[in-house]
$ cat start.cif   # mmCIF, C-alpha atoms
data_work
loop_
_atom_site.group_PDB
_atom_site.id
_atom_site.type_symbol
_atom_site.label_atom_id
_atom_site.label_comp_id
_atom_site.auth_asym_id
_atom_site.auth_seq_id
_atom_site.Cartn_x
_atom_site.Cartn_y
_atom_site.Cartn_z
ATOM 1 C CA MET A 1419 136.172 95.557 298.213
ATOM 2 C CA LYS A 1420 137.914 94.223 301.202
ATOM 3 C CA VAL A 1421 141.081 92.365 300.429
ATOM 4 C CA ARG A 1422 142.139 89.791 302.876
ATOM 5 C CA ARG A 1423 145.660 90.217 303.952
ATOM 6 C CA ALA A 1424 147.949 87.301 303.478
ATOM 7 C CA GLY A 1425 148.468 85.437 306.681
ATOM 8 C CA GLN A 1426 145.293 86.777 308.362
ATOM 9 C CA ARG A 1427 143.618 84.053 310.382
ATOM 10 C CA GLU A 1428 139.990 83.273 309.561
ATOM 11 C CA GLU A 1429 137.624 83.578 312.454
ATOM 12 C CA GLU A 1430 135.847 80.349 313.125
ATOM 13 C CA THR A 1431 132.254 80.648 314.310
ATOM 14 C CA GLU A 1432 131.350 77.742 316.525
ATOM 15 C CA LEU A 1433 127.708 76.689 316.222
ATOM 16 C CA GLN A 1434 126.128 75.305 319.351
ATOM 17 C CA MET A 1435 124.723 72.001 318.102
ATOM 18 C CA THR A 1436 123.757 70.485 321.431
ATOM 19 C CA PRO A 1437 120.396 72.316 321.973
ATOM 20 C CA MET A 1438 119.341 71.639 318.405
ATOM 21 C CA ILE A 1439 120.158 67.946 318.681
ATOM 22 C CA ASP A 1440 118.304 67.824 322.010
ATOM 23 C CA ILE A 1441 115.165 69.269 320.430
ATOM 24 C CA VAL A 1442 115.451 67.121 317.333
ATOM 25 C CA PHE A 1443 115.698 63.955 319.414
ATOM 26 C CA GLN A 1444 112.774 65.028 321.562
ATOM 27 C CA LEU A 1445 110.696 65.515 318.416
ATOM 28 C CA LEU A 1446 111.813 62.147 317.126
ATOM 29 C CA VAL A 1447 110.864 60.406 320.372
ATOM 30 C CA PHE A 1448 107.470 62.179 320.387
ATOM 31 C CA PHE A 1449 106.628 61.046 316.870
ATOM 32 C CA ILE A 1450 107.828 57.497 317.511
ATOM 33 C CA MET A 1451 105.701 57.271 320.653
ATOM 34 C CA THR A 1452 102.558 58.621 318.964
ATOM 35 C CA PHE A 1453 103.011 56.593 315.786
ATOM 36 C CA LYS A 1454 100.321 54.030 315.154
ATOM 37 C CA ILE A 1455 99.926 51.917 312.075
ATOM 38 C CA VAL A 1456 96.317 52.165 310.946
ATOM 39 C CA SER A 1457 94.924 49.896 308.281
ATOM 40 C CA PRO A 1458 92.800 51.623 305.623
ATOM 41 C CA GLU A 1459 89.067 51.609 306.217
ATOM 42 C CA GLY A 1460 86.080 51.964 303.924
ATOM 43 C CA ASP A 1461 82.340 52.376 304.222
ATOM 44 C CA PHE A 1462 79.236 50.620 302.967
ATOM 45 C CA ASN A 1463 76.380 53.050 302.602
ATOM 46 C CA ILE A 1464 73.074 51.722 303.763
ATOM 47 C CA LYS A 1465 69.539 52.955 303.578
ATOM 48 C CA MET A 1466 67.193 52.195 306.413
ATOM 49 C CA PRO A 1467 63.415 52.430 306.387
ATOM 50 C CA LEU A 1468 62.431 55.504 308.330
ATOM 51 C CA ALA A 1469 60.559 55.044 311.564
ATOM 52 C CA ALA A 1470 57.678 57.159 310.260
ATOM 53 C CA PRO A 1471 56.051 55.775 307.117
ATOM 54 C CA SER A 1472 56.429 58.024 304.097
ATOM 55 C CA GLU A 1473 53.334 59.615 302.660
ATOM 56 C CA GLY A 1474 52.038 58.996 299.156
ATOM 57 C CA LEU A 1475 51.514 55.974 296.987
ATOM 58 C CA PRO A 1476 54.352 53.488 296.500
ATOM 59 C CA ASP A 1477 56.267 53.805 293.238
ATOM 60 C CA ASP A 1478 55.110 51.020 290.854
ATOM 61 C CA THR A 1479 58.244 51.299 288.721
ATOM 62 C CA GLN A 1480 60.426 50.442 291.709
ATOM 63 C CA LEU A 1481 61.627 46.825 291.713
ATOM 64 C CA PRO A 1482 60.805 44.908 294.881
ATOM 65 C CA PRO A 1483 63.866 44.388 297.078
ATOM 66 C CA ILE A 1484 65.713 41.072 297.027
ATOM 67 C CA LYS A 1485 65.357 39.694 300.508
ATOM 68 C CA VAL A 1486 68.432 37.980 301.945
ATOM 69 C CA THR A 1487 67.903 36.143 305.223
ATOM 70 C CA LEU A 1488 70.890 35.427 307.466
ATOM 71 C CA LYS A 1489 70.291 32.968 310.275
ATOM 72 C CA ALA A 1490 72.503 32.719 313.339
ATOM 73 C CA GLY A 1491 73.649 29.431 314.821
ATOM 74 C CA ALA A 1492 75.566 28.658 317.992
ATOM 75 C CA GLY A 1493 77.826 31.481 319.186
ATOM 76 C CA GLY A 1494 76.426 33.937 316.656
ATOM 77 C CA ARG A 1495 77.937 32.085 313.706
ATOM 78 C CA LEU A 1496 76.226 32.119 310.358
ATOM 79 C CA SER A 1497 74.174 28.947 310.014
ATOM 80 C CA SER A 1498 72.263 29.571 306.796
ATOM 81 C CA ILE A 1499 71.674 32.075 304.020
ATOM 82 C CA ARG A 1500 68.515 32.337 301.971
ATOM 83 C CA MET A 1501 67.811 34.587 299.046
ATOM 84 C CA GLY A 1502 64.067 34.849 298.885
ATOM 85 C CA THR A 1503 63.048 31.228 299.453
ATOM 86 C CA LYS A 1504 66.190 29.727 297.935
ATOM 87 C CA ALA A 1505 68.740 28.265 300.351
ATOM 88 C CA LEU A 1506 72.347 29.116 299.539
ATOM 89 C CA GLY A 1507 75.587 27.429 300.500
ATOM 90 C CA GLY A 1508 77.440 30.577 301.518
ATOM 91 C CA VAL A 1509 78.312 34.130 300.580
ATOM 92 C CA GLY A 1510 80.037 32.869 297.433
ATOM 93 C CA ASP A 1511 76.705 31.488 296.222
ATOM 94 C CA LEU A 1512 75.025 34.756 297.162
ATOM 95 C CA ARG A 1513 77.495 36.707 295.013
ATOM 96 C CA ARG A 1514 76.888 34.350 292.065
ATOM 97 C CA GLU A 1515 73.111 34.630 292.383
ATOM 98 C CA ILE A 1516 73.241 38.429 292.564
ATOM 99 C CA ARG A 1517 75.567 38.532 289.573
ATOM 100 C CA GLU A 1518 73.108 36.401 287.591
ATOM 101 C CA ILE A 1519 70.307 38.821 288.426
ATOM 102 C CA VAL A 1520 72.069 42.127 287.811
ATOM 103 C CA GLY A 1521 74.451 40.949 285.081
ATOM 104 C CA ASP A 1522 77.556 42.892 284.178
ATOM 105 C CA ASP A 1523 75.691 46.039 283.271
ATOM 106 C CA HIS A 1524 76.032 48.864 285.729
ATOM 107 C CA GLY A 1525 75.569 52.581 285.701
ATOM 108 C CA PRO A 1526 72.528 54.852 285.866
ATOM 109 C CA GLY A 1527 69.312 53.073 284.846
ATOM 110 C CA SER A 1528 70.825 49.577 284.936
ATOM 111 C CA ILE A 1529 69.301 46.698 286.895
ATOM 112 C CA ALA A 1530 72.194 46.908 289.383
ATOM 113 C CA ALA A 1531 71.453 50.572 290.032
ATOM 114 C CA GLU A 1532 67.720 49.994 290.482
ATOM 115 C CA THR A 1533 67.773 46.778 292.493
ATOM 116 C CA GLU A 1534 67.676 46.901 296.256
ATOM 117 C CA VAL A 1535 68.718 44.217 298.724
ATOM 118 C CA GLU A 1536 67.087 43.924 302.104
ATOM 119 C CA PHE A 1537 68.939 42.003 304.788
ATOM 120 C CA ASP A 1538 66.903 40.196 307.374
ATOM 121 C CA CYS A 1539 69.357 39.158 310.079
ATOM 122 C CA ASP A 1540 69.028 37.303 313.348
ATOM 123 C CA TYR A 1541 69.662 39.431 316.428
ATOM 124 C CA ASP A 1542 72.567 37.329 317.678
ATOM 125 C CA LEU A 1543 74.378 37.047 314.353
ATOM 126 C CA LYS A 1544 77.909 38.361 314.519
ATOM 127 C CA PHE A 1545 78.321 41.588 312.589
ATOM 128 C CA GLU A 1546 81.256 40.281 310.530
ATOM 129 C CA TYR A 1547 78.933 37.853 308.708
ATOM 130 C CA VAL A 1548 76.658 40.733 307.738
ATOM 131 C CA ILE A 1549 79.630 42.633 306.302
ATOM 132 C CA ASP A 1550 80.605 39.466 304.377
ATOM 133 C CA ALA A 1551 77.117 39.293 302.896
ATOM 134 C CA ILE A 1552 77.040 43.030 302.122
ATOM 135 C CA THR A 1553 80.420 42.626 300.409
ATOM 136 C CA ALA A 1554 79.045 39.748 298.339
ATOM 137 C CA VAL A 1555 76.111 41.774 297.019
ATOM 138 C CA SER A 1556 77.987 45.085 296.692
ATOM 139 C CA GLY A 1557 80.523 43.969 294.131
ATOM 140 C CA ARG A 1558 83.521 41.894 293.258
ATOM 141 C CA ILE A 1559 87.148 42.386 292.434
ATOM 142 C CA GLU A 1560 88.498 41.391 289.046
ATOM 143 C CA GLY A 1561 92.220 41.905 288.880
ATOM 144 C CA GLN A 1562 92.737 45.225 290.596
ATOM 145 C CA LYS A 1563 89.385 46.633 289.531
ATOM 146 C CA VAL A 1564 86.261 46.802 291.693
ATOM 147 C CA ILE A 1565 83.122 45.838 289.757
ATOM 148 C CA LYS A 1566 80.176 47.331 291.598
ATOM 149 C CA MET A 1567 76.886 45.466 291.766
ATOM 150 C CA ILE A 1568 74.124 46.539 294.136
ATOM 151 C CA GLU A 1569 74.486 49.788 296.042
ATOM 152 C CA LYS A 1570 71.010 50.078 297.522
ATOM 153 C CA ILE A 1571 71.133 48.125 300.744
ATOM 154 C CA LYS A 1572 68.832 48.210 303.706
ATOM 155 C CA PHE A 1573 67.976 46.164 306.772
ATOM 156 C CA SER A 1574 64.674 44.708 307.824
ATOM 157 C CA PRO A 1575 63.411 46.024 311.170
ATOM 158 C CA PRO A 1576 65.477 44.543 314.020
ATOM 159 C CA LYS A 1577 64.302 41.306 315.531
ATOM 160 C CA LYS A 1578 63.817 40.710 319.235
ATOM 161 C CA PRO A 1579 66.812 39.272 321.131
ATOM 162 C CA THR A 1580 66.591 35.508 321.649
ATOM 163 C CA MET B 456 150.429 58.406 337.108
ATOM 164 C CA ARG B 457 150.295 60.576 334.017
ATOM 165 C CA TYR B 458 148.749 63.973 333.979
ATOM 166 C CA GLY B 459 147.635 65.675 330.821
ATOM 167 C CA LYS B 460 149.291 68.938 330.081
ATOM 168 C CA ARG B 461 147.211 72.021 330.713
ATOM 169 C CA GLY B 462 145.529 73.071 327.524
ATOM 170 C CA GLY B 463 146.752 70.040 325.704
ATOM 171 C CA LEU B 464 143.422 68.126 325.598
ATOM 172 C CA GLY B 465 142.257 67.864 322.004
ATOM 173 C CA LEU B 466 138.513 67.917 321.206
ATOM 174 C CA ALA B 467 137.414 64.871 319.286
ATOM 175 C CA LYS B 468 135.257 66.304 316.483
ATOM 176 C CA GLY B 469 132.658 63.818 315.279
ATOM 177 C CA GLU B 470 130.998 64.269 311.913
ATOM 178 C CA MET B 471 127.502 65.409 312.871
ATOM 179 C CA THR B 472 126.036 66.096 309.426
ATOM 180 C CA PRO B 473 125.002 62.517 308.480
ATOM 181 C CA MET B 474 123.412 61.956 311.876
ATOM 182 C CA ILE B 475 121.410 65.178 311.675
ATOM 183 C CA ASP B 476 120.379 64.335 308.101
ATOM 184 C CA MET B 477 119.172 60.927 309.186
ATOM 185 C CA THR B 478 117.351 62.288 312.225
ATOM 186 C CA PHE B 479 115.518 64.910 310.176
ATOM 187 C CA GLN B 480 114.507 62.271 307.673
ATOM 188 C CA LEU B 481 113.103 60.129 310.478
ATOM 189 C CA ILE B 482 111.192 63.105 311.879
ATOM 190 C CA ALA B 483 109.788 63.902 308.444
ATOM 191 C CA PHE B 484 108.733 60.246 308.017
ATOM 192 C CA PHE B 485 106.902 60.097 311.324
ATOM 193 C CA MET B 486 105.332 63.547 310.834
ATOM 194 C CA VAL B 487 103.854 62.492 307.514
ATOM 195 C CA LEU B 488 102.479 59.214 308.831
ATOM 196 C CA VAL B 489 101.343 60.304 312.267
ATOM 197 C CA ASN B 490 97.621 59.966 312.844
ATOM 198 C CA PHE B 491 96.057 62.172 315.484
ATOM 199 C CA SER B 492 92.454 61.174 314.803
ATOM 200 C CA GLU B 493 92.389 58.712 317.671
ATOM 201 C CA ALA B 494 88.969 59.923 318.765
ATOM 202 C CA ASP B 495 87.472 58.138 315.758
ATOM 203 C CA GLN B 496 89.430 54.910 316.084
ATOM 204 C CA ASN B 497 89.189 53.105 319.358
ATOM 205 C CA GLU B 498 91.515 50.178 319.931
ATOM 206 C CA ARG B 499 88.741 48.132 321.495
ATOM 207 C CA ILE B 500 86.937 47.944 318.175
ATOM 208 C CA LYS B 501 88.116 45.141 315.907
ATOM 209 C CA LEU B 502 86.499 45.983 312.599
ATOM 210 C CA PRO B 503 85.192 43.312 310.240
ATOM 211 C CA ALA B 504 87.258 42.954 307.090
ATOM 212 C CA SER B 505 86.092 43.387 303.533
ATOM 213 C CA GLU B 506 87.881 43.387 300.208
ATOM 214 C CA LEU B 507 85.567 46.148 298.960
ATOM 215 C CA ALA B 508 86.158 48.490 301.882
ATOM 216 C CA LYS B 509 88.262 51.101 300.127
ATOM 217 C CA PRO B 510 88.990 54.491 301.674
ATOM 218 C CA PRO B 511 86.695 57.092 300.062
ATOM 219 C CA ASP B 512 88.134 59.383 297.384
ATOM 220 C CA LYS B 513 86.999 62.435 299.302
ATOM 221 C CA PRO B 514 86.180 62.613 303.014
ATOM 222 C CA LEU B 515 82.546 62.730 304.082
ATOM 223 C CA GLU B 516 81.295 66.262 304.577
ATOM 224 C CA GLU B 517 79.568 65.967 307.916
ATOM 225 C CA PRO B 518 80.365 62.630 309.500
ATOM 226 C CA LEU B 519 79.409 61.520 312.982
ATOM 227 C CA THR B 520 81.247 58.412 314.128
ATOM 228 C CA LEU B 521 79.576 55.995 316.506
ATOM 229 C CA GLN B 522 81.662 53.081 317.713
ATOM 230 C CA LEU B 523 80.072 49.936 319.034
ATOM 231 C CA THR B 524 82.045 47.517 321.172
ATOM 232 C CA GLU B 525 81.469 43.799 321.409
ATOM 233 C CA ASP B 526 79.709 44.257 324.760
ATOM 234 C CA ALA B 527 77.166 46.717 323.273
ATOM 235 C CA THR B 528 78.710 49.932 324.568
ATOM 236 C CA VAL B 529 78.521 52.914 322.240
ATOM 237 C CA LEU B 530 81.399 55.372 322.010
ATOM 238 C CA LEU B 531 80.853 58.861 320.655
ATOM 239 C CA GLY B 532 84.122 60.757 320.817
ATOM 240 C CA PRO B 533 85.369 60.459 324.393
ATOM 241 C CA GLN B 534 81.902 59.618 325.741
ATOM 242 C CA GLU B 535 80.877 56.063 326.468
ATOM 243 C CA VAL B 536 77.270 55.044 327.011
ATOM 244 C CA PRO B 537 75.115 51.919 326.906
ATOM 245 C CA ILE B 538 72.553 51.839 324.093
ATOM 246 C CA GLU B 539 69.835 52.943 326.512
ATOM 247 C CA GLY B 540 71.694 56.247 327.022
ATOM 248 C CA LEU B 541 72.479 56.843 323.367
ATOM 249 C CA ALA B 542 69.333 58.828 322.572
ATOM 250 C CA GLY B 543 70.225 61.648 324.998
ATOM 251 C CA LEU B 544 73.745 61.834 323.629
ATOM 252 C CA LEU B 545 72.556 61.993 320.023
ATOM 253 C CA LEU B 546 69.958 64.606 320.883
ATOM 254 C CA ARG B 547 72.705 66.866 322.252
ATOM 255 C CA GLU B 548 74.777 66.136 319.155
ATOM 256 C CA LYS B 549 71.845 67.090 316.932
ATOM 257 C CA GLN B 550 71.328 70.349 318.849
ATOM 258 C CA MET B 551 75.015 71.160 318.438
ATOM 259 C CA LEU B 552 74.819 70.508 314.700
ATOM 260 C CA GLU B 553 71.768 72.728 314.399
ATOM 261 C CA ALA B 554 73.475 75.463 316.404
ATOM 262 C CA MET B 555 76.335 75.319 313.898
ATOM 263 C CA GLY B 556 73.828 75.719 311.073
ATOM 264 C CA ARG B 557 74.086 72.146 309.834
ATOM 265 C CA ASN B 558 71.277 69.854 308.871
ATOM 266 C CA PRO B 559 71.259 66.563 310.827
ATOM 267 C CA SER B 560 69.527 64.763 307.955
ATOM 268 C CA GLN B 561 72.592 65.471 305.805
ATOM 269 C CA THR B 562 74.953 64.090 308.422
ATOM 270 C CA THR B 563 76.336 60.648 307.675
ATOM 271 C CA VAL B 564 76.470 58.461 310.763
ATOM 272 C CA ILE B 565 79.487 56.183 310.438
ATOM 273 C CA ILE B 566 79.053 53.021 312.467
ATOM 274 C CA ARG B 567 82.308 51.384 313.485
ATOM 275 C CA ALA B 568 80.967 48.203 315.018
ATOM 276 C CA ASP B 569 83.142 45.415 316.373
ATOM 277 C CA ARG B 570 83.154 42.312 314.185
ATOM 278 C CA ASN B 571 81.817 40.244 317.086
ATOM 279 C CA ALA B 572 79.054 42.691 317.969
ATOM 280 C CA LYS B 573 75.533 41.376 317.563
ATOM 281 C CA THR B 574 73.806 42.507 314.391
ATOM 282 C CA GLY B 575 70.635 43.191 316.371
ATOM 283 C CA VAL B 576 72.560 45.661 318.533
ATOM 284 C CA VAL B 577 73.910 47.432 315.427
ATOM 285 C CA GLN B 578 70.347 47.688 314.155
ATOM 286 C CA ARG B 579 69.210 49.085 317.507
ATOM 287 C CA VAL B 580 71.873 51.793 317.233
ATOM 288 C CA ILE B 581 70.586 52.689 313.764
ATOM 289 C CA ASP B 582 67.047 52.620 315.118
ATOM 290 C CA VAL B 583 67.900 55.144 317.839
ATOM 291 C CA CYS B 584 69.595 57.414 315.278
ATOM 292 C CA GLN B 585 66.452 57.376 313.150
ATOM 293 C CA ARG B 586 64.024 58.411 315.855
ATOM 294 C CA PRO B 587 61.959 61.414 314.736
ATOM 295 C CA GLU B 588 63.348 63.656 317.494
ATOM 296 C CA ILE B 589 66.913 62.830 316.396
ATOM 297 C CA GLY B 590 66.477 62.460 312.662
ATOM 298 C CA PHE B 591 69.710 61.072 311.259
ATOM 299 C CA GLU B 592 69.056 59.435 307.893
ATOM 300 C CA LYS B 593 72.355 58.546 306.258
ATOM 301 C CA PHE B 594 74.394 55.644 307.543
ATOM 302 C CA ALA B 595 77.662 53.984 306.619
ATOM 303 C CA LEU B 596 78.940 50.709 307.998
ATOM 304 C CA ARG B 597 82.689 50.751 308.341
ATOM 305 C CA ALA B 598 85.018 47.847 307.621
ATOM 306 C CA LYS B 599 88.746 47.575 307.275
ATOM 307 C CA GLN B 600 90.295 46.894 303.925
ATOM 308 C CA GLN B 601 91.504 43.398 303.275
ATOM 309 C CA ALA B 602 93.378 41.842 300.396
ATOM 310 C CA PRO B 603 90.969 39.822 298.181
ATOM 311 C CA GLN B 604 92.788 36.504 298.605
ATOM 312 C CA ALA B 605 93.141 36.878 302.371
ATOM 313 C CA LYS B 606 89.631 35.669 303.115
ATOM 314 C CA GLY B 607 87.808 32.763 301.634
ATOM 315 C CA ALA B 608 84.350 33.269 300.225
#

$ encode --input "start.cif" --output "structure tokens"
Amino acid sequence: MKVRRAGQREEETELQMTPMIDIVFQLLVFFIMTFKIVSPEGDFNIKMPLAAPSEGLPDDTQLPPIKVTLKAGAGGRLSSIRMGTKALGGVGDLRREIREIVGDDHGPGSIAAETEVEFDCDYDLKFEYVIDAITAVSGRIEGQKVIKMIEKIKFSPPKKPT
Amino acid sequence: MRYGKRGGLGLAKGEMTPMIDMTFQLIAFFMVLVNFSEADQNERIKLPASELAKPPDKPLEEPLTLQLTEDATVLLGPQEVPIEGLAGLLLREKQMLEAMGRNPSQTTVIIRADRNAKTGVVQRVIDVCQRPEIGFEKFALRAKQQAPQAKGA
């Protein structure tokens, strides 16, 4: 064991901090410059009729789709919503109507799981109104919980531009 | 005029430890939050908002992101084409997927359409994806998450 003599001066090792601080600040600047706040995004799955008709007989047990018609007014704004032949006041009404049909039961085999909604939209309608309508039929939020309603969604064949 | 004595200049020693601590914490913060997936999120696209648009629990297995601007231009990665040129682009994409041993029918096409895009144009994009020679079958419409009370019904 090495015994330090009394009065021996300790050797001080000087660390070169400058290069490290240089690099650290360069990293910091890089991350600040590339930083971008991104809001969370989610998806709505949709099913579209295939271009080629499927072979075989149609399934009789399958419920017919609920047809929701979205009409465009001036500037691509939503002018009217119909569910089947019934005129609705807005997407709030659409949500209420769908809730009345599917009820609060969900899960495999429930009406909500079996029912399909078909959206028939005007060509010029702004896409945000379609997402509003899809949101209205897809579910609702109670407290912090998402109550799912209809998950089978499809579009009618596209209309010609006006 | 005063001159300092030779060798008599004292070095002012600042306390570096707190600054380095703070700087490393900032670097760690930005490293965790940095998002490099800019290819899938173009700034020109203003997504529609929805209270039900929650980020998925697990990422999609084989996604293909198509972005649609308000003026009906489709972006696929760094490439930008009008709808008329989309079929050729998707055909190449399908061939690449097949070369990698993937099945295009299992690929989910994520459509990030601008909120002001025309619905008919979105449907045309889906229509092109579905053509028999291309054969994409699964689609997802993307929206940004919004607080429930932020938008009236």

$ residues_around --input "start.cif" --residues "Asp512 (chain B)" --least-positions-apart "6" --cutoff "12 Å" --atoms "all atoms listed in the file" --output "PDB file with C-alpha atoms, in the frame of the given file"
ATOM      1  CA  GLU A1459      89.067  51.609 306.217  1.00  0.00           C
ATOM      2  CA  GLY A1460      86.080  51.964 303.924  1.00  0.00           C
ATOM      3  CA  ASP A1461      82.340  52.376 304.222  1.00  0.00           C
TER       4      ASP A1461
END

$ atom_distance --input "start.cif" --atom1 "CA of Thr1431 (chain A)" --atom2 "CA of Gln1444 (chain A)"
26.0 Å

$ closest_atom_pairs --input "start.cif" --of "chain B" --to "chain A" --cutoff "7 Å" --atoms "only C-alpha atoms" --output "Markdown table"
| residue | atom | partner | partner_atom | distance |
| --- | --- | --- | --- | --- |
| B:Ile482 | CA | A:Leu1446 | CA | 5.4 |
| B:Phe485 | CA | A:Phe1449 | CA | 5.6 |
| B:Met486 | CA | A:Phe1449 | CA | 6.7 |
| B:Val489 | CA | A:Phe1453 | CA | 5.4 |
| B:Asn490 | CA | A:Lys1454 | CA | 6.9 |
| B:Pro503 | CA | A:Glu1546 | CA | 5.0 |
| B:Ser505 | CA | A:Thr1553 | CA | 6.5 |
| B:Leu507 | CA | A:Thr1553 | CA | 6.4 |
| B:Ala508 | CA | A:Gly1460 | CA | 4.0 |
| B:Lys509 | CA | A:Gly1460 | CA | 4.5 |
| B:Pro510 | CA | A:Gly1460 | CA | 4.5 |
| B:Pro511 | CA | A:Gly1460 | CA | 6.4 |
| B:Arg570 | CA | A:Glu1546 | CA | 4.6 |
| B:Asn571 | CA | A:Lys1544 | CA | 5.0 |
| B:Ala572 | CA | A:Phe1545 | CA | 5.5 |
| B:Lys573 | CA | A:Lys1544 | CA | 4.9 |
| B:Thr574 | CA | A:Phe1545 | CA | 4.9 |
| B:Gly575 | CA | A:Tyr1541 | CA | 3.9 |
| B:Gln578 | CA | A:Pro1576 | CA | 5.8 |
| B:Arg579 | CA | A:Pro1576 | CA | 6.8 |
| B:Gln585 | CA | A:Ala1469 | CA | 6.5 |
| B:Arg586 | CA | A:Ala1469 | CA | 6.5 |
| B:Lys593 | CA | A:Lys1465 | CA | 6.8 |
| B:Phe594 | CA | A:Ile1464 | CA | 5.6 |
| B:Ala595 | CA | A:Asn1463 | CA | 4.3 |
| B:Leu596 | CA | A:Phe1462 | CA | 5.0 |
| B:Arg597 | CA | A:Asp1461 | CA | 4.4 |
| B:Ala598 | CA | A:Gly1460 | CA | 5.6 |
| B:Lys599 | CA | A:Glu1459 | CA | 4.2 |
| B:Gln600 | CA | A:Glu1459 | CA | 5.4 |
| B:Ala608 | CA | A:Gly1510 | CA | 5.2 |

$ closest_residue --input "start.cif" --among "A:Arg1500, A:Lys1563, A:Lys1570, A:Arg1517" --to "Thr1533 (chain A)" --atoms "only C-alpha atoms"
A:Lys1570

$ atom_distance --input "start.cif" --atom1 "CA of Glu1515 (chain A)" --atom2 "CA of Ile581 (chain B)"
28.1 Å

$ resolve_selection --input "start.cif" --expression "the PyMOL selection byres ((chain A and resi 1520) around 6)" --output "list in words"
Arg1517, Glu1518, Ile1519, Gly1521, Ile1529 and Ala1530 of chain A

$ atom_distance --input "start.cif" --atom1 "CA of Glu1534 (chain A)" --atom2 "CA of Met1501 (chain A)"
12.6 Å

$ residues_around --input "start.cif" --residues "Leu545 (chain B)" --least-positions-apart "4" --cutoff "12 Å" --atoms "only C-alpha atoms" --output "MDAnalysis selection string"
chainID B and resid 519:521 529:532 534 536 538:541 549:552 559 564 580:591

$ resolve_selection --input "start.cif" --expression "the PyMOL selection byres ((chain B and resi 517) around 8)" --output "NGL selection string"
:B and (515-516 or 518-519 or 561-563)

$ resolve_selection --input "start.cif" --expression "the PyMOL selection byres ((chain A and resi 1482) around 9)" --output "PDB file with C-alpha atoms, in the coordinates of the input"
ATOM      1  CA  GLN A1480      60.426  50.442 291.709  1.00  0.00           C
ATOM      2  CA  LEU A1481      61.627  46.825 291.713  1.00  0.00           C
ATOM      3  CA  PRO A1483      63.866  44.388 297.078  1.00  0.00           C
ATOM      4  CA  ILE A1484      65.713  41.072 297.027  1.00  0.00           C
ATOM      5  CA  LYS A1485      65.357  39.694 300.508  1.00  0.00           C
ATOM      6  CA  THR A1533      67.773  46.778 292.493  1.00  0.00           C
ATOM      7  CA  GLU A1534      67.676  46.901 296.256  1.00  0.00           C
ATOM      8  CA  VAL A1535      68.718  44.217 298.724  1.00  0.00           C
TER       9      VAL A1535
END

$ decode --input "start.cif" --residues "region 518-529 of chain B" --atoms "N, CA and C atoms" --output "PDB file, in the first residue's frame"
ATOM      1  N   PRO B 518     -48.043  -0.234 -43.618  1.00  0.00           N
ATOM      2  CA  PRO B 518     -48.791   0.930 -44.098  1.00  0.00           C
ATOM      3  C   PRO B 518     -48.153   1.579 -45.331  1.00  0.00           C
ATOM      4  N   LEU B 519     -49.005   2.207 -46.099  1.00  0.00           N
ATOM      5  CA  LEU B 519     -48.553   3.002 -47.247  1.00  0.00           C
ATOM      6  C   LEU B 519     -49.301   4.324 -47.126  1.00  0.00           C
ATOM      7  N   THR B 520     -48.578   5.404 -46.943  1.00  0.00           N
ATOM      8  CA  THR B 520     -49.252   6.683 -46.683  1.00  0.00           C
ATOM      9  C   THR B 520     -49.350   7.508 -47.952  1.00  0.00           C
ATOM     10  N   LEU B 521     -50.584   7.847 -48.308  1.00  0.00           N
ATOM     11  CA  LEU B 521     -50.825   8.752 -49.428  1.00  0.00           C
ATOM     12  C   LEU B 521     -51.348  10.059 -48.839  1.00  0.00           C
ATOM     13  N   GLN B 522     -50.770  11.154 -49.260  1.00  0.00           N
ATOM     14  CA  GLN B 522     -51.226  12.450 -48.752  1.00  0.00           C
ATOM     15  C   GLN B 522     -51.868  13.222 -49.896  1.00  0.00           C
ATOM     16  N   LEU B 523     -52.990  13.827 -49.585  1.00  0.00           N
ATOM     17  CA  LEU B 523     -53.741  14.533 -50.623  1.00  0.00           C
ATOM     18  C   LEU B 523     -53.884  15.993 -50.214  1.00  0.00           C
ATOM     19  N   THR B 524     -53.365  16.867 -51.057  1.00  0.00           N
ATOM     20  CA  THR B 524     -53.437  18.302 -50.738  1.00  0.00           C
ATOM     21  C   THR B 524     -54.795  18.861 -51.160  1.00  0.00           C
ATOM     22  N   GLU B 525     -55.023  20.089 -50.765  1.00  0.00           N
ATOM     23  CA  GLU B 525     -56.289  20.741 -51.095  1.00  0.00           C
ATOM     24  C   GLU B 525     -56.473  20.875 -52.605  1.00  0.00           C
ATOM     25  N   ASP B 526     -55.339  21.064 -53.320  1.00  0.00           N
ATOM     26  CA  ASP B 526     -55.432  21.246 -54.776  1.00  0.00           C
ATOM     27  C   ASP B 526     -55.277  19.920 -55.533  1.00  0.00           C
ATOM     28  N   ALA B 527     -55.643  18.821 -54.889  1.00  0.00           N
ATOM     29  CA  ALA B 527     -55.728  17.494 -55.528  1.00  0.00           C
ATOM     30  C   ALA B 527     -54.390  16.958 -56.013  1.00  0.00           C
ATOM     31  N   THR B 528     -53.319  17.277 -55.320  1.00  0.00           N
ATOM     32  CA  THR B 528     -52.025  16.672 -55.620  1.00  0.00           C
ATOM     33  C   THR B 528     -51.786  15.562 -54.609  1.00  0.00           C
ATOM     34  N   VAL B 529     -51.286  14.437 -55.091  1.00  0.00           N
ATOM     35  CA  VAL B 529     -51.042  13.303 -54.195  1.00  0.00           C
ATOM     36  C   VAL B 529     -49.546  13.212 -53.897  1.00  0.00           C
TER      37      VAL B 529
END
